[in-house]
Amino acid sequence: MKQFQNWIFSIFSEMGTPQQSATILSVSIAVLLLLVVAILAQLLTRTILLSLIHRFVQKTKTEWDDFLIKRKFFSALAHIPSALIVYAAHDFSDIEIVTDILSIISEVYFVIIFAMSFLRASNAANDIYQTTPYAATRSIKGYIQLLQIVIIFLAVIFGISILINESPLGIFAGLGAMAAVLLLIFKDSILGFVASIQLSANKMLKPGDWIEMRSHNADGTVIDITLNTVKVQNWDKTITTIPTYALVSESFNNWAGMEESGGRRIKRSINLDMKSVRFCDAAMLERLSHFYLLKDYIKTKQEDIQAFNKKLKIEEGDTYNGRRQTNLGIFRHYMEAYLKQNPNIHQDMTFLVRHLQPTELGLPIEIYVFSKDQIWANYEGIQADIFDHVLAILPEFGLQVFQNPSGHDVNELGKNLAFIQHK
């Protein structure tokens with residue numbers, strides 16, 4: 001390159017160009033040629049070398065090299081030849097400022113190339129990790145992002161040290177006085193990093209978990225965990241972004257335990273009109289005995305009650321002192337038997353049909369069981385089928401659902417009063 005610059009200089013000198021102008025022109029042309037050669041080298045490297053690498057990768061059976069291509073790792077390395085050309089030929093001129101500028105450009109270029117390569121390699125490493133079984137329970141995206149921040153920070157420090165011609169160690173020493181400012185700038189990143197460690201180490205959260213966090217209006221599936229944020233796709237397909245540290249400092253519900261347990265809870269009650277609860281007479285017992293789920297129960301229970309009353313010498317018609325079956329008690333047993341023969345209900349998990357505290361709205365009878373199917377739509381169908389049956393079967397037991405009067409009830413009452421007055 002120096003010989004080329006001297007040759008150009010001699011041409012301009014022979015043309016009678018002043019020496020200073022000839023020097024400037026020859027150096028400018030040489031620099032321009034150097035940049036053209038560097039660009040051509042980069043293009044040739046991308047065209048030929050990358051083509052060969054891509055063909056080689058396509059023939060391999062491993063997947064990690066495919067992710068390197070996807071993240072354009074080799075495209076970043078393709079800049080190295082052009083940087084080497086500029087660095088090797090930067091001192092062709094006797095003009096010190098030109099050699100200094102070319103040297104700075106080539107060195108900063110190397111820093112950018114290596115930083116870009118590390119960033120793309122780290123992204124490829126995260127992609128490779130996502131293919132492993134560990135990714136289902138632990139996300140490393142936060143750590144990858146922290147590593148990328150460190151790489152960018154170091155690249156900036158080395159770039160500044162090259163530009164101002166100072167040692168990087170001296171710049172690091174000067175940054176000590178700016179520690180408080182840096183802590184303020186990177187506050188969210190530091191908090192997010194600590195939080196991501198806690199979330200991962202304690203297995204509190206992972207992509208794919210269903211979480212509910214009412215303080216941030218989040219109720220859905222975790223789709224991404226980064227250094228600073230956690231993205232949740234709600235059931236209405238909106239996306240809520242939550243600061244990572246908020247998941248540690250605040251409370252949230254993680255429904256992953258339910259999904260892993262094999263059952264989904266059905267916990268719903270129906271309010272009965274307490275005035276419809278009564279003792280069963282012989283006719284009702286006879287009629288309910290035709291239910292195949294109740295036949296053996298009513299017979300066994302009635303024999304037990306009769307034996308008890310006989311032991312205490314209580315006459316059969318004594319409704320005050322003797323024991324008798326109630327329509328509500330038989331109904332509860334019927335619901336237990338009905339749910340036990342339901343193939344969609346988990347029999348090995350909590351199984352209750354119970355009373356709740358009576359209120360002015362009636363007596364709540366709660367069904368507390370777990371469905372085997374956890375898919376939302378199927379779960380809702382199972383739950384609806386159970387309570388459809390409850391509402392339909394209650395009149396057979398002489399029970400009524402409590403319901404506040406509606407407009408239709410008021411109209412019917414008015415019609416009845418009018419009819420009575422007319423009579």
# chains A, B, ... in the order shown; residues from 1 in each chain; ligands from 1
$ closest_atom_pairs --of "stretch 331-413 of chain A" --to "stretch 267-285 of chain A" --cutoff "12 Å" --atoms "only C-alpha atoms" --output "tab-separated table"
residue	atom	partner	partner_atom	distance
A:Phe331	CA	A:Val277	CA	10.5
A:Thr350	CA	A:Lys267	CA	10.7
A:Phe351	CA	A:Lys267	CA	10.3
A:Leu352	CA	A:Lys267	CA	9.5
A:Val353	CA	A:Ser269	CA	9.3
A:Arg354	CA	A:Ser269	CA	9.1
A:His355	CA	A:Ser269	CA	9.0
A:Leu356	CA	A:Ser269	CA	8.5
A:Gln357	CA	A:Asn271	CA	10.6
A:Pro358	CA	A:Met274	CA	8.6
A:Thr359	CA	A:Asn271	CA	9.2
A:Glu360	CA	A:Asp273	CA	9.8
A:Leu361	CA	A:Asn271	CA	6.9
A:Gly362	CA	A:Asp273	CA	5.1
A:Leu363	CA	A:Leu272	CA	5.0
A:Pro364	CA	A:Asn271	CA	4.2
A:Ile365	CA	A:Ser269	CA	5.2
A:Glu366	CA	A:Ser269	CA	3.9
A:Ile367	CA	A:Arg268	CA	5.6
A:Tyr368	CA	A:Lys267	CA	4.6
A:Val369	CA	A:Lys267	CA	6.7
A:Phe370	CA	A:Lys267	CA	8.4
A:Ser371	CA	A:Lys267	CA	10.5
A:Tyr379	CA	A:Lys267	CA	12.0
A:Glu380	CA	A:Lys267	CA	11.7
A:Gln383	CA	A:Arg268	CA	8.8
A:Ala384	CA	A:Arg268	CA	10.4
A:Ile386	CA	A:Arg268	CA	10.4
A:Phe387	CA	A:Ile270	CA	8.5
A:Asp388	CA	A:Ile270	CA	11.2
A:Val390	CA	A:Ile270	CA	8.8
A:Leu391	CA	A:Ile270	CA	8.8
A:Leu394	CA	A:Leu272	CA	9.3
A:Pro395	CA	A:Ser276	CA	9.8
A:Glu396	CA	A:Met284	CA	9.2
A:Phe397	CA	A:Met284	CA	8.0
A:Gly398	CA	A:Ser276	CA	6.6
A:Leu399	CA	A:Ser276	CA	5.1
A:Gln400	CA	A:Asp273	CA	5.5
A:Val401	CA	A:Leu272	CA	4.4
A:Phe402	CA	A:Asp273	CA	4.5
A:Gln403	CA	A:Asp273	CA	8.1
A:Asn404	CA	A:Asp273	CA	10.5
$ select_by_dssp --residues "stretch 65-269 of chain A" --states "alpha helix (DSSP H)" --output "JSON, numbers by chain"
{"A": [65, 66, 67, 68, 69, 70, 73, 74, 75, 76, 77, 80, 81, 82, 83, 84, 85, 86, 87, 88, 96, 97, 98, 99, 100, 101, 102, 103, 104, 105, 106, 107, 108, 109, 110, 111, 112, 113, 114, 115, 116, 117, 118, 119, 120, 121, 122, 123, 124, 125, 126, 127, 128, 129, 130, 141, 142, 143, 144, 145, 146, 147, 148, 149, 150, 151, 152, 153, 154, 155, 156, 157, 158, 159, 160, 161, 162, 163, 164, 168, 169, 170, 171, 172, 173, 174, 175, 179, 180, 181, 182, 183, 184, 185, 187, 188, 189, 190, 191, 192, 193, 194, 195, 196, 197, 198, 199, 200, 201, 246, 247, 248, 249, 256, 257, 258, 259, 260, 261]}
$ closest_residue --among "A:Leu40, A:Leu50, A:Ala218, A:Val86" --to "A:Thr241" --atoms "only C-alpha atoms"
A:Ala218
$ closest_residue --among "A:Pro81, A:Gly220, A:Gly208, A:Gly381" --to "A:Ile266" --atoms "only C-alpha atoms"
A:Gly381
$ select_by_dssp --residues "stretch 89-309 of chain A" --states "strand (DSSP E)" --output "VMD selection string"
chain A and resid 210 to 213 218 to 225 229 to 234 239 to 243 253 to 254 264 to 272
$ residues_around --residues "A:Ala135" --least-positions-apart "5" --cutoff "9 Å" --atoms "only C-alpha atoms" --output "PyMOL selection string"
chain A and resi 129-130+140+206-207
$ residues_around --residues "A:Lys299" --least-positions-apart "3" --cutoff "12 Å" --atoms "only C-alpha atoms" --output "list of chain:residue names"
A:Ala282, A:Leu285, A:Glu286, A:Leu288, A:Ser289, A:His290, A:Phe291, A:Tyr292, A:Leu293, A:Leu294, A:Lys295, A:Asp296, A:Gln302, A:Glu303, A:Asp304, A:Ile305, A:Gln306, A:Gln325, A:Ile330
$ write_last_selection --atoms "N, CA and C atoms" --output "PDB file, in the first residue's frame"
ATOM      1  N   ALA A 282     -93.142 -42.373  54.452  1.00  0.00           N
ATOM      2  CA  ALA A 282     -93.010 -43.699  53.837  1.00  0.00           C
ATOM      3  C   ALA A 282     -93.159 -43.639  52.321  1.00  0.00           C
ATOM      4  N   LEU A 285     -89.885 -42.310  50.838  1.00  0.00           N
ATOM      5  CA  LEU A 285     -88.835 -43.320  50.909  1.00  0.00           C
ATOM      6  C   LEU A 285     -89.066 -44.408  49.865  1.00  0.00           C
ATOM      7  N   GLU A 286     -90.330 -44.784  49.678  1.00  0.00           N
ATOM      8  CA  GLU A 286     -90.644 -45.799  48.681  1.00  0.00           C
ATOM      9  C   GLU A 286     -90.304 -45.307  47.272  1.00  0.00           C
ATOM     10  N   LEU A 288     -88.134 -42.839  46.419  1.00  0.00           N
ATOM     11  CA  LEU A 288     -86.704 -42.639  46.244  1.00  0.00           C
ATOM     12  C   LEU A 288     -85.932 -43.962  46.194  1.00  0.00           C
ATOM     13  N   SER A 289     -86.536 -45.030  46.728  1.00  0.00           N
ATOM     14  CA  SER A 289     -85.869 -46.333  46.697  1.00  0.00           C
ATOM     15  C   SER A 289     -85.741 -46.881  45.283  1.00  0.00           C
ATOM     16  N   HIS A 290     -86.479 -46.302  44.340  1.00  0.00           N
ATOM     17  CA  HIS A 290     -86.373 -46.747  42.957  1.00  0.00           C
ATOM     18  C   HIS A 290     -85.124 -46.202  42.261  1.00  0.00           C
ATOM     19  N   PHE A 291     -84.441 -45.233  42.903  1.00  0.00           N
ATOM     20  CA  PHE A 291     -83.173 -44.736  42.368  1.00  0.00           C
ATOM     21  C   PHE A 291     -82.104 -45.805  42.633  1.00  0.00           C
ATOM     22  N   TYR A 292     -81.451 -46.285  41.590  1.00  0.00           N
ATOM     23  CA  TYR A 292     -80.478 -47.364  41.808  1.00  0.00           C
ATOM     24  C   TYR A 292     -79.294 -46.914  42.659  1.00  0.00           C
ATOM     25  N   LEU A 293     -79.025 -45.605  42.698  1.00  0.00           N
ATOM     26  CA  LEU A 293     -77.935 -45.092  43.532  1.00  0.00           C
ATOM     27  C   LEU A 293     -78.342 -44.990  45.002  1.00  0.00           C
ATOM     28  N   LEU A 294     -79.660 -45.092  45.288  1.00  0.00           N
ATOM     29  CA  LEU A 294     -80.145 -44.894  46.657  1.00  0.00           C
ATOM     30  C   LEU A 294     -80.761 -46.141  47.269  1.00  0.00           C
ATOM     31  N   LYS A 295     -81.044 -47.139  46.443  1.00  0.00           N
ATOM     32  CA  LYS A 295     -81.802 -48.295  46.920  1.00  0.00           C
ATOM     33  C   LYS A 295     -81.155 -48.947  48.143  1.00  0.00           C
ATOM     34  N   ASP A 296     -79.913 -49.314  48.043  1.00  0.00           N
ATOM     35  CA  ASP A 296     -79.235 -49.981  49.164  1.00  0.00           C
ATOM     36  C   ASP A 296     -79.054 -49.042  50.339  1.00  0.00           C
ATOM     37  N   GLN A 302     -82.543 -47.083  56.849  1.00  0.00           N
ATOM     38  CA  GLN A 302     -83.831 -47.223  57.505  1.00  0.00           C
ATOM     39  C   GLN A 302     -83.795 -48.346  58.543  1.00  0.00           C
ATOM     40  N   GLU A 303     -83.114 -49.431  58.226  1.00  0.00           N
ATOM     41  CA  GLU A 303     -82.970 -50.519  59.204  1.00  0.00           C
ATOM     42  C   GLU A 303     -82.180 -50.057  60.416  1.00  0.00           C
ATOM     43  N   ASP A 304     -81.153 -49.263  60.190  1.00  0.00           N
ATOM     44  CA  ASP A 304     -80.341 -48.754  61.295  1.00  0.00           C
ATOM     45  C   ASP A 304     -81.161 -47.813  62.176  1.00  0.00           C
ATOM     46  N   ILE A 305     -81.992 -46.966  61.560  1.00  0.00           N
ATOM     47  CA  ILE A 305     -82.816 -46.022  62.322  1.00  0.00           C
ATOM     48  C   ILE A 305     -83.875 -46.773  63.124  1.00  0.00           C
ATOM     49  N   GLN A 306     -84.487 -47.745  62.495  1.00  0.00           N
ATOM     50  CA  GLN A 306     -85.521 -48.521  63.192  1.00  0.00           C
ATOM     51  C   GLN A 306     -84.932 -49.282  64.382  1.00  0.00           C
ATOM     52  N   GLN A 325     -85.116 -40.171  58.484  1.00  0.00           N
ATOM     53  CA  GLN A 325     -84.327 -39.677  57.356  1.00  0.00           C
ATOM     54  C   GLN A 325     -84.937 -38.380  56.820  1.00  0.00           C
ATOM     55  N   ILE A 330     -80.722 -37.573  52.285  1.00  0.00           N
ATOM     56  CA  ILE A 330     -80.728 -38.540  51.187  1.00  0.00           C
ATOM     57  C   ILE A 330     -80.165 -37.894  49.918  1.00  0.00           C
TER      58      ILE A 330
END
$ closest_residue --among "A:Ile298, A:Ile113, A:Val232, A:Ile152" --to "A:Asn327" --atoms "only C-alpha atoms"
A:Ile298
$ closest_residue --among "A:Asn234, A:Thr62, A:Ser215, A:Asn228" --to "A:Phe252" --atoms "only C-alpha atoms"
A:Ser215
$ closest_residue --among "A:Phe74, A:Phe110, A:Ala38, A:Ala121" --to "A:His54" --atoms "only C-alpha atoms"
A:Phe74
$ residues_around --residues "A:Asn165" --least-positions-apart "5" --cutoff "12 Å" --atoms "only C-alpha atoms" --output "MDAnalysis selection string"
chainID A and resid 100:101 103:104 107:108 157:160 170:171
$ write_last_selection --atoms "N, CA and C atoms" --output "PDB file, in the first residue's frame"
ATOM      1  N   ASP A 100      -2.899   7.218  12.473  1.00  0.00           N
ATOM      2  CA  ASP A 100      -3.591   7.127  13.770  1.00  0.00           C
ATOM      3  C   ASP A 100      -5.076   6.867  13.588  1.00  0.00           C
ATOM      4  N   ILE A 101      -5.700   7.590  12.646  1.00  0.00           N
ATOM      5  CA  ILE A 101      -7.132   7.415  12.406  1.00  0.00           C
ATOM      6  C   ILE A 101      -7.441   6.003  11.908  1.00  0.00           C
ATOM      7  N   SER A 103      -5.615   3.339  12.374  1.00  0.00           N
ATOM      8  CA  SER A 103      -5.362   2.406  13.476  1.00  0.00           C
ATOM      9  C   SER A 103      -6.544   2.371  14.437  1.00  0.00           C
ATOM     10  N   ILE A 104      -7.060   3.568  14.768  1.00  0.00           N
ATOM     11  CA  ILE A 104      -8.213   3.637  15.679  1.00  0.00           C
ATOM     12  C   ILE A 104      -9.431   2.957  15.056  1.00  0.00           C
ATOM     13  N   GLU A 107      -8.978  -0.871  15.128  1.00  0.00           N
ATOM     14  CA  GLU A 107      -9.090  -1.445  16.472  1.00  0.00           C
ATOM     15  C   GLU A 107     -10.523  -1.388  16.995  1.00  0.00           C
ATOM     16  N   VAL A 108     -11.202  -0.260  16.761  1.00  0.00           N
ATOM     17  CA  VAL A 108     -12.602  -0.160  17.178  1.00  0.00           C
ATOM     18  C   VAL A 108     -13.447  -1.161  16.384  1.00  0.00           C
ATOM     19  N   ILE A 157     -16.263   0.287  26.953  1.00  0.00           N
ATOM     20  CA  ILE A 157     -15.060   0.709  27.691  1.00  0.00           C
ATOM     21  C   ILE A 157     -13.820   0.579  26.807  1.00  0.00           C
ATOM     22  N   PHE A 158     -13.669  -0.552  26.122  1.00  0.00           N
ATOM     23  CA  PHE A 158     -12.505  -0.736  25.255  1.00  0.00           C
ATOM     24  C   PHE A 158     -12.540   0.236  24.079  1.00  0.00           C
ATOM     25  N   GLY A 159     -13.738   0.495  23.555  1.00  0.00           N
ATOM     26  CA  GLY A 159     -13.838   1.463  22.462  1.00  0.00           C
ATOM     27  C   GLY A 159     -13.422   2.852  22.896  1.00  0.00           C
ATOM     28  N   ILE A 160     -13.874   3.272  24.079  1.00  0.00           N
ATOM     29  CA  ILE A 160     -13.495   4.594  24.596  1.00  0.00           C
ATOM     30  C   ILE A 160     -12.002   4.653  24.863  1.00  0.00           C
ATOM     31  N   GLY A 170      -7.552   2.160  33.600  1.00  0.00           N
ATOM     32  CA  GLY A 170      -7.701   3.522  34.087  1.00  0.00           C
ATOM     33  C   GLY A 170      -9.152   3.987  34.007  1.00  0.00           C
ATOM     34  N   ILE A 171      -9.832   3.580  32.935  1.00  0.00           N
ATOM     35  CA  ILE A 171     -11.242   3.958  32.795  1.00  0.00           C
ATOM     36  C   ILE A 171     -12.085   3.256  33.853  1.00  0.00           C
TER      37      ILE A 171
END
$ residues_around --residues "A:Asn202" --least-positions-apart "6" --cutoff "12 Å" --atoms "only C-alpha atoms" --output "list in words"
Thr137, Arg138, Ala195, Ser196 and Val248 of chain A
$ write_last_selection --atoms "N, CA and C atoms" --output "PDB file, in the first residue's frame"
ATOM      1  N   THR A 137     -38.344 -26.134  32.887  1.00  0.00           N
ATOM      2  CA  THR A 137     -38.445 -25.773  34.302  1.00  0.00           C
ATOM      3  C   THR A 137     -37.587 -24.572  34.683  1.00  0.00           C
ATOM      4  N   ARG A 138     -36.558 -24.266  33.895  1.00  0.00           N
ATOM      5  CA  ARG A 138     -35.665 -23.151  34.233  1.00  0.00           C
ATOM      6  C   ARG A 138     -35.349 -22.349  32.986  1.00  0.00           C
ATOM      7  N   ALA A 195     -33.918 -10.963  41.067  1.00  0.00           N
ATOM      8  CA  ALA A 195     -35.233 -11.606  41.076  1.00  0.00           C
ATOM      9  C   ALA A 195     -35.250 -12.845  40.186  1.00  0.00           C
ATOM     10  N   SER A 196     -34.596 -12.769  39.023  1.00  0.00           N
ATOM     11  CA  SER A 196     -34.588 -13.923  38.116  1.00  0.00           C
ATOM     12  C   SER A 196     -33.853 -15.103  38.742  1.00  0.00           C
ATOM     13  N   VAL A 248     -41.209 -11.126  42.898  1.00  0.00           N
ATOM     14  CA  VAL A 248     -40.579 -11.532  44.152  1.00  0.00           C
ATOM     15  C   VAL A 248     -41.074 -10.669  45.306  1.00  0.00           C
TER      16      VAL A 248
END
$ closest_residue --among "A:Val150, A:Ala124, A:His333, A:Glu250" --to "A:Lys72" --atoms "only C-alpha atoms"
A:Ala124
